[in-house]
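Novice: Compact mmCIF, C-alpha atoms and all ligand atoms, file coords_33.txt:
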# COMPACT_ATOMS: atom_id res chain seq x y z
CA MET D 1 0.00 0.00 0.00
CA LYS D 2 1.38 3.40 -0.98
CA ILE D 3 0.01 6.78 0.09
CA TYR D 4 0.29 10.05 -1.86
CA LEU D 5 -0.68 13.63 -1.15
CA VAL D 6 -2.80 14.76 -4.13
CA GLY D 7 -4.88 17.54 -5.62
CA GLY D 8 -5.07 21.09 -4.32
CA ALA D 9 -2.54 20.59 -1.51
CA VAL D 10 0.28 19.60 -3.90
CA ARG D 11 -0.70 22.34 -6.36
CA ASP D 12 -0.84 25.09 -3.73
CA GLU D 13 2.40 23.96 -2.10
CA LEU D 14 4.17 24.12 -5.47
CA LEU D 15 2.70 27.58 -6.05
CA GLY D 16 4.01 28.70 -2.67
CA LEU D 17 0.48 29.23 -1.35
CA PRO D 18 -0.82 28.15 2.04
CA VAL D 19 -2.37 24.68 1.98
CA ARG D 20 -5.97 24.69 3.20
CA GLU D 21 -7.02 21.08 2.99
CA ARG D 22 -5.06 17.90 2.35
CA ASP D 23 -6.44 15.00 0.31
CA TRP D 24 -4.66 11.65 0.17
CA LEU D 25 -4.62 8.87 -2.41
CA VAL D 26 -4.15 5.25 -1.36
CA VAL D 27 -2.75 2.91 -4.03
CA GLY D 28 -2.79 -0.86 -3.55
CA GLY D 29 -4.99 -0.81 -0.45
CA THR D 30 -8.30 -2.45 0.34
CA PRO D 31 -11.22 -1.17 2.45
CA GLU D 32 -10.56 -3.97 4.94
CA GLN D 33 -6.93 -2.93 5.39
CA MET D 34 -7.98 0.69 5.93
CA VAL D 35 -10.50 -0.24 8.61
CA LEU D 36 -7.96 -2.53 10.30
CA GLN D 37 -5.58 0.44 10.52
CA GLY D 38 -8.21 2.52 12.31
CA TYR D 39 -9.54 4.61 9.38
CA THR D 40 -13.27 5.37 9.37
CA PRO D 41 -15.22 4.86 6.14
CA VAL D 42 -17.20 7.87 4.86
CA GLY D 43 -20.32 7.19 2.82
CA LYS D 44 -19.46 8.94 -0.45
CA GLY D 45 -20.34 6.38 -3.10
CA PHE D 46 -16.69 5.37 -3.43
CA PRO D 47 -14.20 4.22 -0.76
CA VAL D 48 -13.01 7.23 1.21
CA PHE D 49 -11.76 7.02 4.78
CA LEU D 50 -10.99 9.46 7.54
CA HIS D 51 -7.60 9.27 9.21
CA PRO D 52 -7.98 8.24 12.88
CA GLN D 53 -6.11 11.34 14.15
CA THR D 54 -5.99 14.06 11.49
CA LYS D 55 -9.49 13.26 10.11
CA GLU D 56 -8.11 14.04 6.65
CA GLU D 57 -9.62 12.18 3.68
CA TYR D 58 -7.88 9.12 2.26
CA ALA D 59 -9.44 7.81 -0.97
CA LEU D 60 -8.63 4.45 -2.52
CA ALA D 61 -7.29 4.82 -6.06
CA ARG D 62 -10.15 4.49 -8.53
CA THR D 63 -11.02 4.73 -12.17
CA GLU D 64 -14.37 5.97 -13.34
CA ARG D 65 -16.70 5.25 -16.22
CA LYS D 66 -19.47 7.44 -17.47
CA THR D 67 -22.74 5.51 -17.23
CA GLY D 68 -25.36 8.24 -17.00
CA ILE D 69 -26.03 11.87 -17.79
CA GLY D 70 -24.18 14.74 -16.19
CA TYR D 71 -22.56 15.40 -12.92
CA GLY D 72 -23.52 12.26 -10.99
CA GLY D 73 -23.54 9.70 -13.78
CA PHE D 74 -20.40 7.73 -12.99
CA THR D 75 -19.56 4.23 -11.81
CA PHE D 76 -16.25 3.66 -10.10
CA TYR D 77 -13.81 0.82 -10.02
CA THR D 78 -11.46 0.52 -7.08
CA GLY D 79 -9.02 -2.35 -6.85
CA VAL D 80 -5.48 -2.94 -5.69
CA ASP D 81 -4.43 -2.91 -9.35
CA VAL D 82 -5.45 0.75 -9.98
CA THR D 83 -2.27 2.82 -10.35
CA ALA D 84 -1.67 6.42 -9.26
CA ALA D 85 -1.48 7.49 -12.92
CA GLU D 86 -4.86 5.87 -13.62
CA ASP D 87 -6.43 7.66 -10.67
CA LEU D 88 -4.87 11.00 -11.64
CA CYS D 89 -6.22 10.59 -15.17
CA ARG D 90 -9.83 11.14 -14.02
CA ARG D 91 -8.99 14.53 -12.49
CA ASP D 92 -10.02 17.81 -14.06
CA LEU D 93 -6.87 19.85 -14.61
CA THR D 94 -3.24 18.86 -15.07
CA ILE D 95 -2.23 21.13 -12.17
CA ASN D 96 -4.67 19.18 -9.97
CA ALA D 97 -3.31 15.82 -11.14
CA ILE D 98 0.08 15.81 -9.43
CA ALA D 99 0.85 13.40 -6.56
CA LYS D 100 3.62 13.48 -3.96
CA ASP D 101 4.73 10.47 -1.96
CA GLU D 102 6.04 10.43 1.60
CA THR D 103 9.63 10.91 0.40
CA GLY D 104 8.63 14.04 -1.50
CA ARG D 105 8.91 12.35 -4.89
CA ILE D 106 6.51 13.81 -7.42
CA THR D 107 4.35 11.72 -9.77
CA ASP D 108 3.25 13.91 -12.67
CA PRO D 109 1.98 11.82 -15.58
CA TYR D 110 0.03 14.66 -17.24
CA ASN D 111 2.68 17.43 -17.12
CA GLY D 112 1.04 19.44 -14.39
CA LEU D 113 4.42 20.83 -13.32
CA ALA D 114 5.00 22.28 -16.79
CA ASP D 115 1.51 23.83 -16.78
CA LEU D 116 2.12 25.28 -13.33
CA LYS D 117 5.23 26.93 -14.75
CA LYS D 118 3.40 28.12 -17.87
CA LYS D 119 0.45 29.21 -15.72
CA ILE D 120 -2.06 27.25 -17.78
CA LEU D 121 -5.32 25.66 -16.67
CA ARG D 122 -5.46 22.66 -18.98
CA HIS D 123 -7.72 19.59 -18.90
CA VAL D 124 -6.13 16.19 -18.26
CA SER D 125 -7.99 14.16 -20.88
CA PRO D 126 -10.98 14.32 -23.26
CA ALA D 127 -13.00 12.73 -20.42
CA PHE D 128 -13.10 16.29 -19.05
CA THR D 129 -16.43 16.75 -20.85
CA GLU D 130 -18.05 13.97 -18.82
CA ASP D 131 -18.65 16.15 -15.78
CA PRO D 132 -20.30 19.58 -16.27
CA LEU D 133 -19.17 20.72 -12.81
CA ARG D 134 -15.71 21.10 -14.34
CA VAL D 135 -16.88 24.16 -16.28
CA LEU D 136 -17.57 25.95 -13.01
CA ARG D 137 -14.43 24.61 -11.36
CA VAL D 138 -12.16 25.86 -14.16
CA ALA D 139 -13.82 29.31 -14.08
CA ARG D 140 -13.34 29.35 -10.31
CA PHE D 141 -9.64 28.39 -10.56
CA ALA D 142 -9.19 31.03 -13.27
CA ALA D 143 -10.57 33.64 -10.84
CA ARG D 144 -8.50 32.34 -7.95
CA PHE D 145 -5.19 32.23 -9.81
CA PHE D 146 -5.68 35.23 -12.11
CA HIS D 147 -3.40 37.36 -9.93
CA LYS D 148 -0.70 34.73 -10.42
CA GLY D 149 -1.03 35.09 -14.19
CA PHE D 150 -3.02 31.89 -14.93
CA SER D 151 -5.34 31.56 -17.89
CA VAL D 152 -7.50 28.82 -19.43
CA ALA D 153 -5.89 26.83 -22.26
CA PRO D 154 -7.75 27.48 -25.55
CA GLU D 155 -8.33 23.74 -26.05
CA THR D 156 -9.88 23.49 -22.56
CA MET D 157 -12.10 26.47 -23.33
CA GLU D 158 -13.27 24.60 -26.44
CA LEU D 159 -14.32 21.63 -24.27
CA MET D 160 -16.09 23.97 -21.86
CA LYS D 161 -18.04 25.43 -24.79
CA LYS D 162 -18.92 21.92 -25.89
CA ILE D 163 -20.26 21.02 -22.42
CA SER D 164 -22.33 24.22 -22.35
CA GLN D 165 -23.86 23.40 -25.72
CA THR D 166 -24.86 19.81 -24.96
CA GLY D 167 -27.41 20.51 -22.21
CA GLU D 168 -25.29 18.68 -19.62
CA LEU D 169 -25.27 21.77 -17.40
CA ASP D 170 -28.90 20.92 -16.73
CA SER D 171 -27.84 18.06 -14.48
CA LEU D 172 -26.07 20.35 -11.99
CA PRO D 173 -28.13 21.00 -8.88
CA GLY D 174 -28.61 24.70 -8.01
CA GLU D 175 -26.83 24.17 -4.68
CA ARG D 176 -23.70 22.94 -6.47
CA VAL D 177 -23.71 25.94 -8.82
CA TRP D 178 -24.08 28.23 -5.83
CA GLN D 179 -21.27 26.51 -3.93
CA GLU D 180 -18.80 27.13 -6.77
CA THR D 181 -20.11 30.67 -7.28
CA ILE D 182 -19.78 31.74 -3.66
CA THR D 183 -16.24 30.31 -3.56
CA ALA D 184 -15.42 32.27 -6.72
CA LEU D 185 -16.93 35.44 -5.25
CA ASN D 186 -14.44 35.17 -2.40
CA THR D 187 -11.39 35.09 -4.68
CA ASN D 188 -9.27 38.14 -5.54
CA ASN D 189 -10.83 38.41 -9.01
CA PRO D 190 -14.44 37.23 -8.95
CA GLU D 191 -15.11 39.03 -12.26
CA ILE D 192 -12.89 36.48 -14.03
CA TYR D 193 -15.25 33.67 -12.96
CA PHE D 194 -18.16 35.37 -14.71
CA GLU D 195 -16.10 36.39 -17.75
CA ILE D 196 -14.94 32.80 -18.29
CA LEU D 197 -18.48 31.49 -17.86
CA TYR D 198 -19.64 34.10 -20.37
CA GLN D 199 -16.96 33.05 -22.88
CA CYS D 200 -17.93 29.38 -22.77
CA GLY D 201 -21.68 30.00 -22.85
CA ALA D 202 -22.43 28.80 -19.31
CA LEU D 203 -23.17 32.24 -17.84
CA ILE D 204 -26.23 32.71 -20.04
CA TYR D 205 -27.36 29.26 -19.05
CA PHE D 206 -27.12 29.69 -15.27
CA PHE D 207 -27.54 33.44 -14.87
CA PRO D 208 -29.35 34.74 -17.96
CA THR D 209 -29.99 38.13 -16.34
CA LEU D 210 -26.23 38.69 -16.02
CA ARG D 211 -25.51 38.60 -19.77
CA GLU D 212 -25.56 42.40 -19.96
CA ASN D 213 -23.02 42.68 -17.11
CA TYR D 214 -20.36 40.44 -18.57
CA GLN D 215 -20.63 40.59 -22.35
CA PRO D 216 -17.76 42.73 -23.62
CA ALA D 217 -18.95 46.22 -24.56
CA ASP D 218 -18.05 47.83 -27.91
CA ASN D 219 -16.01 50.47 -26.10
CA ASN D 220 -14.22 47.82 -24.04
CA MET D 221 -15.58 49.38 -20.84
CA CYS D 222 -16.57 47.06 -18.00
CA CYS D 223 -20.17 47.23 -16.89
CA PRO D 224 -20.66 49.11 -13.56
CA ALA D 225 -21.83 45.90 -11.86
CA SER D 226 -18.62 44.08 -12.72
CA THR D 227 -16.47 47.10 -11.83
CA ALA D 228 -18.35 47.53 -8.53
CA MET D 229 -17.74 43.88 -7.66
CA MET D 230 -14.03 44.29 -8.48
CA MET D 231 -13.81 47.38 -6.28
CA ALA D 232 -15.63 45.62 -3.43
CA ALA D 233 -13.22 42.67 -3.73
CA GLU D 234 -10.19 44.97 -3.79
CA GLU D 235 -11.40 46.71 -0.68
CA GLY D 236 -11.94 43.40 1.11
CA GLN D 237 -15.74 43.53 1.28
CA ASN D 238 -17.50 40.28 2.14
CA SER D 239 -19.21 37.97 -0.32
CA LEU D 240 -22.64 39.47 0.34
CA ILE D 241 -21.59 42.90 -0.94
CA ARG D 242 -19.60 41.39 -3.84
CA PHE D 243 -22.61 39.28 -4.80
CA ALA D 244 -25.09 42.17 -4.61
CA CYS D 245 -22.82 44.28 -6.85
CA GLY D 246 -21.93 41.63 -9.42
CA PHE D 247 -25.46 40.22 -9.73
CA THR D 248 -27.32 43.51 -10.20
CA PRO D 249 -28.29 43.76 -13.87
CA TRP D 250 -27.35 47.43 -14.07
CA LYS D 251 -28.98 48.55 -17.31
CA SER D 252 -32.19 46.54 -16.90
CA CYS D 253 -32.52 47.69 -13.31
CA LEU D 254 -32.39 51.35 -14.24
CA ALA D 255 -34.64 50.83 -17.27
CA ASP D 256 -37.39 48.87 -15.49
CA SER D 257 -36.67 47.83 -11.92
CA VAL D 258 -40.03 46.01 -11.55
CA ALA D 259 -39.39 43.70 -14.50
CA CYS D 260 -35.79 43.27 -13.35
CA TYR D 261 -36.98 42.36 -9.85
CA GLN D 262 -39.19 39.62 -11.31
CA GLN D 263 -36.36 38.16 -13.38
CA ILE D 264 -34.02 38.13 -10.42
CA SER D 265 -36.69 36.50 -8.23
CA ALA D 266 -37.01 33.69 -10.76
CA MET D 267 -33.22 33.22 -10.91
CA VAL D 268 -32.67 33.09 -7.13
CA LYS D 269 -35.48 30.54 -6.81
CA GLN D 270 -34.19 28.35 -9.60
CA LEU D 271 -30.63 28.32 -8.27
CA LYS D 272 -31.80 28.01 -4.66
CA ILE D 273 -29.61 30.96 -3.67
CA PRO D 274 -29.61 31.26 0.15
CA SER D 275 -32.19 33.77 1.36
CA LYS D 276 -29.61 36.03 3.03
CA TYR D 277 -28.06 36.70 -0.39
CA ALA D 278 -31.28 36.66 -2.41
CA GLU D 279 -32.95 39.21 -0.15
CA VAL D 280 -30.11 41.71 -0.35
CA LEU D 281 -29.87 41.43 -4.15
CA LEU D 282 -33.61 41.92 -4.55
CA ALA D 283 -33.52 44.93 -2.24
CA VAL D 284 -30.66 46.49 -4.23
CA VAL D 285 -32.56 46.01 -7.49
CA GLN D 286 -35.68 47.47 -5.91
CA HIS D 287 -34.06 50.51 -4.30
CA LEU D 288 -31.21 51.44 -6.65
CA PRO D 289 -33.37 53.85 -8.72
CA ASP D 290 -34.59 55.42 -5.47
CA LEU D 291 -31.06 55.89 -4.21
CA ILE D 292 -30.02 57.61 -7.40
CA ALA D 293 -33.00 59.97 -7.22
CA VAL D 294 -33.17 60.83 -3.51
CA GLU D 295 -32.38 64.45 -2.59
CA LYS D 296 -30.43 65.28 0.54
CA THR D 297 -32.17 68.44 1.67
CA ASP D 298 -35.72 67.15 1.62
CA THR D 299 -36.19 65.50 5.02
CA GLU D 300 -39.59 64.02 4.14
CA THR D 301 -38.18 62.33 1.03
CA LEU D 302 -35.24 60.99 3.00
CA LEU D 303 -37.51 59.54 5.65
CA ARG D 304 -39.85 58.00 3.08
CA CYS D 305 -36.90 56.39 1.35
CA LEU D 306 -35.69 54.95 4.67
CA GLU D 307 -39.18 53.62 5.42
CA ARG D 308 -39.43 51.97 2.00
CA MET D 309 -36.07 50.31 2.65
CA ASP D 310 -37.29 49.07 6.03
CA ALA D 311 -34.20 50.76 7.48
CA PHE D 312 -35.51 51.00 11.05
CA ARG D 313 -36.54 47.40 11.54
CA ARG D 314 -33.67 45.98 9.49
CA TYR D 315 -30.85 48.40 10.02
CA GLU D 316 -28.01 45.96 9.30
CA ARG D 317 -29.58 44.93 6.01
CA PHE D 318 -30.06 48.60 5.13
CA LEU D 319 -26.34 49.21 5.64
CA VAL D 320 -25.45 46.29 3.35
CA ILE D 321 -27.84 47.52 0.64
CA THR D 322 -26.55 51.09 0.74
CA THR D 323 -22.93 49.92 0.73
CA ALA D 324 -23.56 47.77 -2.36
CA CYS D 325 -25.40 50.66 -4.06
CA ASP D 326 -22.53 52.96 -3.18
CA TYR D 327 -20.09 50.71 -5.05
CA LEU D 328 -22.46 50.50 -8.02
CA LEU D 329 -22.86 54.26 -8.22
CA ARG D 330 -19.15 54.88 -7.81
CA ALA D 331 -18.45 52.33 -10.55
CA ALA D 332 -20.98 54.04 -12.83
CA LYS D 333 -19.39 57.38 -11.95
CA LYS D 334 -22.84 58.58 -11.03
CA GLN D 335 -23.18 61.42 -8.61
CA ARG D 336 -22.14 59.88 -5.37
CA GLY D 337 -23.05 60.67 -1.83
CA GLN D 338 -26.82 60.41 -1.47
CA GLN D 339 -26.39 57.07 0.30
CA GLY D 340 -23.98 58.81 2.64
CA TRP D 341 -26.76 61.17 3.61
CA LEU D 342 -29.20 58.33 3.89
CA LYS D 343 -26.87 56.43 6.19
CA GLU D 344 -26.44 59.51 8.37
CA ALA D 345 -30.18 60.09 8.42
CA ALA D 346 -30.81 56.45 9.34
CA SER D 347 -28.20 56.55 12.07
CA ALA D 348 -29.74 59.76 13.47
CA CYS D 349 -33.18 58.13 13.44
CA GLN D 350 -31.79 55.17 15.39
CA LYS D 351 -31.41 57.61 18.28
CA VAL D 352 -35.17 58.20 18.52
CA ASN D 353 -36.30 56.60 21.76
CA VAL D 354 -39.31 54.68 20.48
CA GLY D 355 -39.89 53.06 23.90
CA LYS D 356 -40.32 56.47 25.48
CA ILE D 357 -42.92 57.46 22.89
CA VAL D 358 -44.80 54.17 23.36
CA ALA D 359 -44.75 54.76 27.13
CA LYS D 360 -46.81 57.89 26.58
CA GLY D 361 -49.73 55.54 25.94
CA LEU D 362 -50.25 56.52 22.31
CA ARG D 363 -51.77 53.96 19.95
CA GLY D 364 -52.12 53.27 16.21
CA ARG D 365 -51.92 56.23 13.84
CA GLN D 366 -51.10 58.70 16.61
CA LEU D 367 -48.16 56.62 17.77
CA ALA D 368 -46.86 56.19 14.22
CA ASP D 369 -47.19 59.95 13.56
CA GLU D 370 -45.30 60.82 16.75
CA ILE D 371 -42.45 58.45 15.88
CA ARG D 372 -42.30 59.91 12.35
CA THR D 373 -42.20 63.45 13.67
CA ALA D 374 -39.37 62.55 16.04
CA ARG D 375 -37.46 60.94 13.19
CA LEU D 376 -37.99 63.93 10.90
CA LYS D 377 -36.61 66.19 13.62
CA LYS D 378 -33.53 64.00 14.01
CA ILE D 379 -32.92 64.04 10.26
CA GLU D 380 -33.37 67.81 10.15
CA LYS D 381 -30.97 68.27 13.03
CA CYS D 382 -28.40 66.00 11.41
CA LEU D 383 -28.59 67.90 8.10
CA HIS D 384 -28.44 71.23 9.91
CA ALA D 385 -25.45 70.17 12.02
CA ALA D 386 -23.66 69.16 8.88
CA GLY D 387 -24.38 72.59 7.38
CA THR D 388 -25.85 70.75 4.36
CA PRO D 389 -22.73 71.01 2.26
CA CYS D 390 -22.67 69.49 -1.16
CA PRO D 391 -23.13 65.73 -0.53
CA ASP D 392 -20.47 64.86 -3.10
CA ASN D 393 -17.89 66.62 -0.96
CA ARG D 394 -18.89 64.76 2.18
CA ALA D 395 -19.63 61.13 1.49
CA GLY D 396 -17.36 60.93 -1.52
CA GLN D 397 -14.19 61.39 0.53
P1 LIG F 401 -9.56 23.80 -3.32
O1 LIG F 401 -8.28 24.37 -2.84
O2 LIG F 401 -10.46 24.81 -3.93
O3 LIG F 401 -10.23 22.86 -2.37
P2 LIG F 401 -8.95 21.39 -4.73
O4 LIG F 401 -8.24 21.18 -6.05
O5 LIG F 401 -8.32 20.79 -3.52
O6 LIG F 401 -9.12 22.96 -4.59
P3 LIG F 401 -11.26 19.76 -4.23
O7 LIG F 401 -12.66 20.01 -4.63
O8 LIG F 401 -10.93 19.63 -2.79
O9 LIG F 401 -10.42 20.91 -4.93
O10 LIG F 401 -10.81 18.46 -4.99
C1 LIG F 401 -9.61 17.77 -4.72
C2 LIG F 401 -9.06 17.18 -6.02
O11 LIG F 401 -10.01 16.25 -6.55
C3 LIG F 401 -8.84 18.19 -7.12
O12 LIG F 401 -7.58 18.82 -7.03
C4 LIG F 401 -8.99 17.36 -8.36
O13 LIG F 401 -7.81 16.61 -8.58
C5 LIG F 401 -10.07 16.37 -7.98
N1 LIG F 401 -11.43 16.80 -8.36
C6 LIG F 401 -12.35 17.36 -7.56
N2 LIG F 401 -13.50 17.56 -8.21
C7 LIG F 401 -13.31 17.11 -9.47
C8 LIG F 401 -14.13 17.00 -10.62
N3 LIG F 401 -15.39 17.44 -10.63
N4 LIG F 401 -13.60 16.47 -11.73
C9 LIG F 401 -12.32 16.01 -11.73
N5 LIG F 401 -11.50 16.08 -10.69
C10 LIG F 401 -11.98 16.61 -9.55
Translate the structure of the given file into structure tokens.
Specialist:
Amino acid sequence: MKIYLVGGAVRDELLGLPVRERDWLVVGGTPEQMVLQGYTPVGKGFPVFLHPQTKEEYALARTERKTGIGYGGFTFYTGVDVTAAEDLCRRDLTINAIAKDETGRITDPYNGLADLKKKILRHVSPAFTEDPLRVLRVARFAARFFHKGFSVAPETMELMKKISQTGELDSLPGERVWQETITALNTNNPEIYFEILYQCGALIYFFPTLRENYQPADNNMCCPASTAMMMAAEEGQNSLIRFACGFTPWKSCLADSVACYQQISAMVKQLKIPSKYAEVLLAVVQHLPDLIAVEKTDTETLLRCLERMDAFRRYERFLVITTACDYLLRAAKKQRGQQGWLKEAASACQKVNVGKIVAKGLRGRQLADEIRTARLKKIEKCLHAAGTPCPDNRAGQ
């Protein structure tokens, strides 16, 4: 029995990157031997075991055969006769198909080392087309390693186009698409993920509403949504803000936010996007036109805008929405700063002591009116204290 370190751990080590997770390949071993040595089997459809101490995954070498459609349609063969090279052959990219034994000796049957040097994401074999998940994985690796100078090999891009055209993408569950997408959003260059998916035809398939954001413009300018997402990534914003920026169909949203809202609702449902993300995106699409239009000096308009955004009951969500809109407006080089005023107004309104007003014994309309009046006063005071300078000079700094 021989054990190799494989996959991402070998790749990242060779790239000089920190190793996050270690996967091991066991050649010449049987399930019985593994159990005897204290490993715990994990129910994954093929023999994978957890190490008794480290809990890292040890998989018996296997070959696979396509027997059904799409992502799950494989049968596996594991036997003591399966070699490391045979196991590595079923992997997606050459840079992910390098193994290292306990002495540090590298097994590299598909020239992954050369591709690491050339900074190329290249498929291992024509069997690449058998699993549509690989389209998303390659786009994700392209985003992750873009800053290192990596790009997708033209011949691999051709296979990705082929997968996108055959209808195989249909077999990917929404959750799996989301899992790859959220991981890509957290890379240094999430825009590359969407650009690669656009180039191979998968973007239009999964996220039809995003076509306008990622198709190259005649003037070579990036769309504000893509630029906003890049800025948010550069400034270390979390995936929620990056997602809300990159997934807002900018032009459609400004042209007809109601229709846009409906399209986005359908997309988030179909892809089963977690509600925390879906809600924020829908709120951005709904309120972006409002945020562009709102005027700083009109306290009533400011308050109405805050009420429409549910800013008092859901203050944290309001902050996320306005931050995402801020990036979008900055990226579009639109007049910036109204959200700054809104945030200040919302923060001032937070200081209204609602409990004290309720304690006065007011009910219904009267109570609501009193709270509104108190909030209007706070907004007025906040604008007055600031001397109502030009908003661009304040929030834009
Ligand atoms: P990450 O650092 O993002 O986890 P990784 O390469 O370790 O990257 P894993 O999903 O943990 O990614 O997979 C481990 C290894 O298994 C990969 O390096 C690759 O060799 C192989 N692999 C995983 N998924 C696929 C797939 N869908 N098709 C082919 N090979 C795959």
Novice: Do you have, as CSV, the list of residues of chain D lying at most 7 Å from ligand LIG 401 (chain F), each with its nearest atom pair and that distance in Å to one decimal, counting all atoms listed in the file and ordered by chain then number?
Specialist:
residue,atom,partner,partner_atom,distance
D:Val6,CA,F:LIG401,O12,6.9
D:Gly7,CA,F:LIG401,O12,3.3
D:Gly8,CA,F:LIG401,O5,3.4
D:Ala9,CA,F:LIG401,O5,6.1
D:Arg20,CA,F:LIG401,O1,6.5
D:Glu21,CA,F:LIG401,O3,6.5
D:Asp23,CA,F:LIG401,C1,6.6
D:Arg90,CA,F:LIG401,C9,5.9
D:Arg91,CA,F:LIG401,N5,3.5
D:Asp92,CA,F:LIG401,C9,3.7
D:Leu93,CA,F:LIG401,O13,6.9
D:Asn96,CA,F:LIG401,O12,4.2
D:Ala97,CA,F:LIG401,O13,5.2
D:Asp131,CA,F:LIG401,N3,6.2
D:Leu133,CA,F:LIG401,N3,5.5
D:Arg134,CA,F:LIG401,N3,5.2
Novice: Between CA of His147 in chain D and CA of Thr187 in chain D, what distance in Å does the model show, to one decimal?
Specialist: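 Going from CA of His147 in chain D over to CA of Thr187 in chain D covers 9.8 Å.
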Novice: What does the distance between CA of Arg211 in chain D and CA of Gly149 in chain D come to in Å, to one decimal place?
Specialist: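 Between these atoms lies a distance of 25.4 Å.
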Novice: Would you please work out which residue, of D:Arg314, D:His123, D:Arg330, D:Arg363, is nearest to Ala232 in chain D when using only C-alpha atoms?
Specialist: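 Comparing D:Arg314, D:His123, D:Arg330, D:Arg363 against Ala232 in chain D, the winner is D:Arg330.
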Novice: So that I can see what lies close to Phe141 in chain D, please list as a list in words the residues with an atom at most 9 Å from it, counting only C-alpha atoms and leaving out residues fewer than 2 positions away in the same chain.
Specialist: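 Residues meeting the cut-off are Leu121, Leu136, Arg137, Val138, Ala139, Ala143, Arg144, Phe145, Phe146, Phe150, Ala184 and Tyr193 of chain D.
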Novice: Could you work out how far CA of Gln33 in chain D lies from CA of Pro47 in chain D, giving the answer in Å with one decimal?
Specialist: 11.9 Å
Novice: If you count all atoms listed in the file, which residues fall within 10 Å of Thr181 in chain D, apart from same-chain ones fewer than 2 positions away, as a PyMOL selection string?
Specialist: chain D and resi 136-137+139-140+175-179+183-186+190+193-194+243
Novice: Ala153 in chain D: which residues within 10 Å, counting only C-alpha atoms, same-chain residues fewer than 5 positions away excluded, as a PyMOL selection string?
Specialist: chain D and resi 115+119-123+158
Novice: Rank nothing, just name the residue among D:Leu15, D:Cys253, D:Gln165, D:Glu130 nearest to Lys118 in chain D, using all atoms listed in the file.
Specialist: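 Closest to Lys118 in chain D of all the choices is D:Leu15.
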Novice: Calculate, to one decimal in Å, the centre and edge lengths of the box along x, y and z of the file that holds all listed atoms of range 13-19 of chain D with 4 Å of margin on each side, and present them as AutoDock Vina command-line options.
Specialist:
--center_x 0.9 --center_y 26.6 --center_z -2.0 --size_x 14.5 --size_y 13.3 --size_z 16.1
Novice: Might you pull out every residue within 9 Å of range 67-70 of chain D, with only C-alpha atoms counted and same-chain residues fewer than 6 positions away left off, and present them as a ChimeraX atom specification?
Specialist: /D:130-133,167-172
Novice: Skipping near chain neighbours, those fewer than 5 positions away, what residues fall within 8 Å of Val284 in chain D using all atoms listed in the file, listed as a PyMOL selection string?
Specialist: chain D and resi 244+248+321-322+324-325
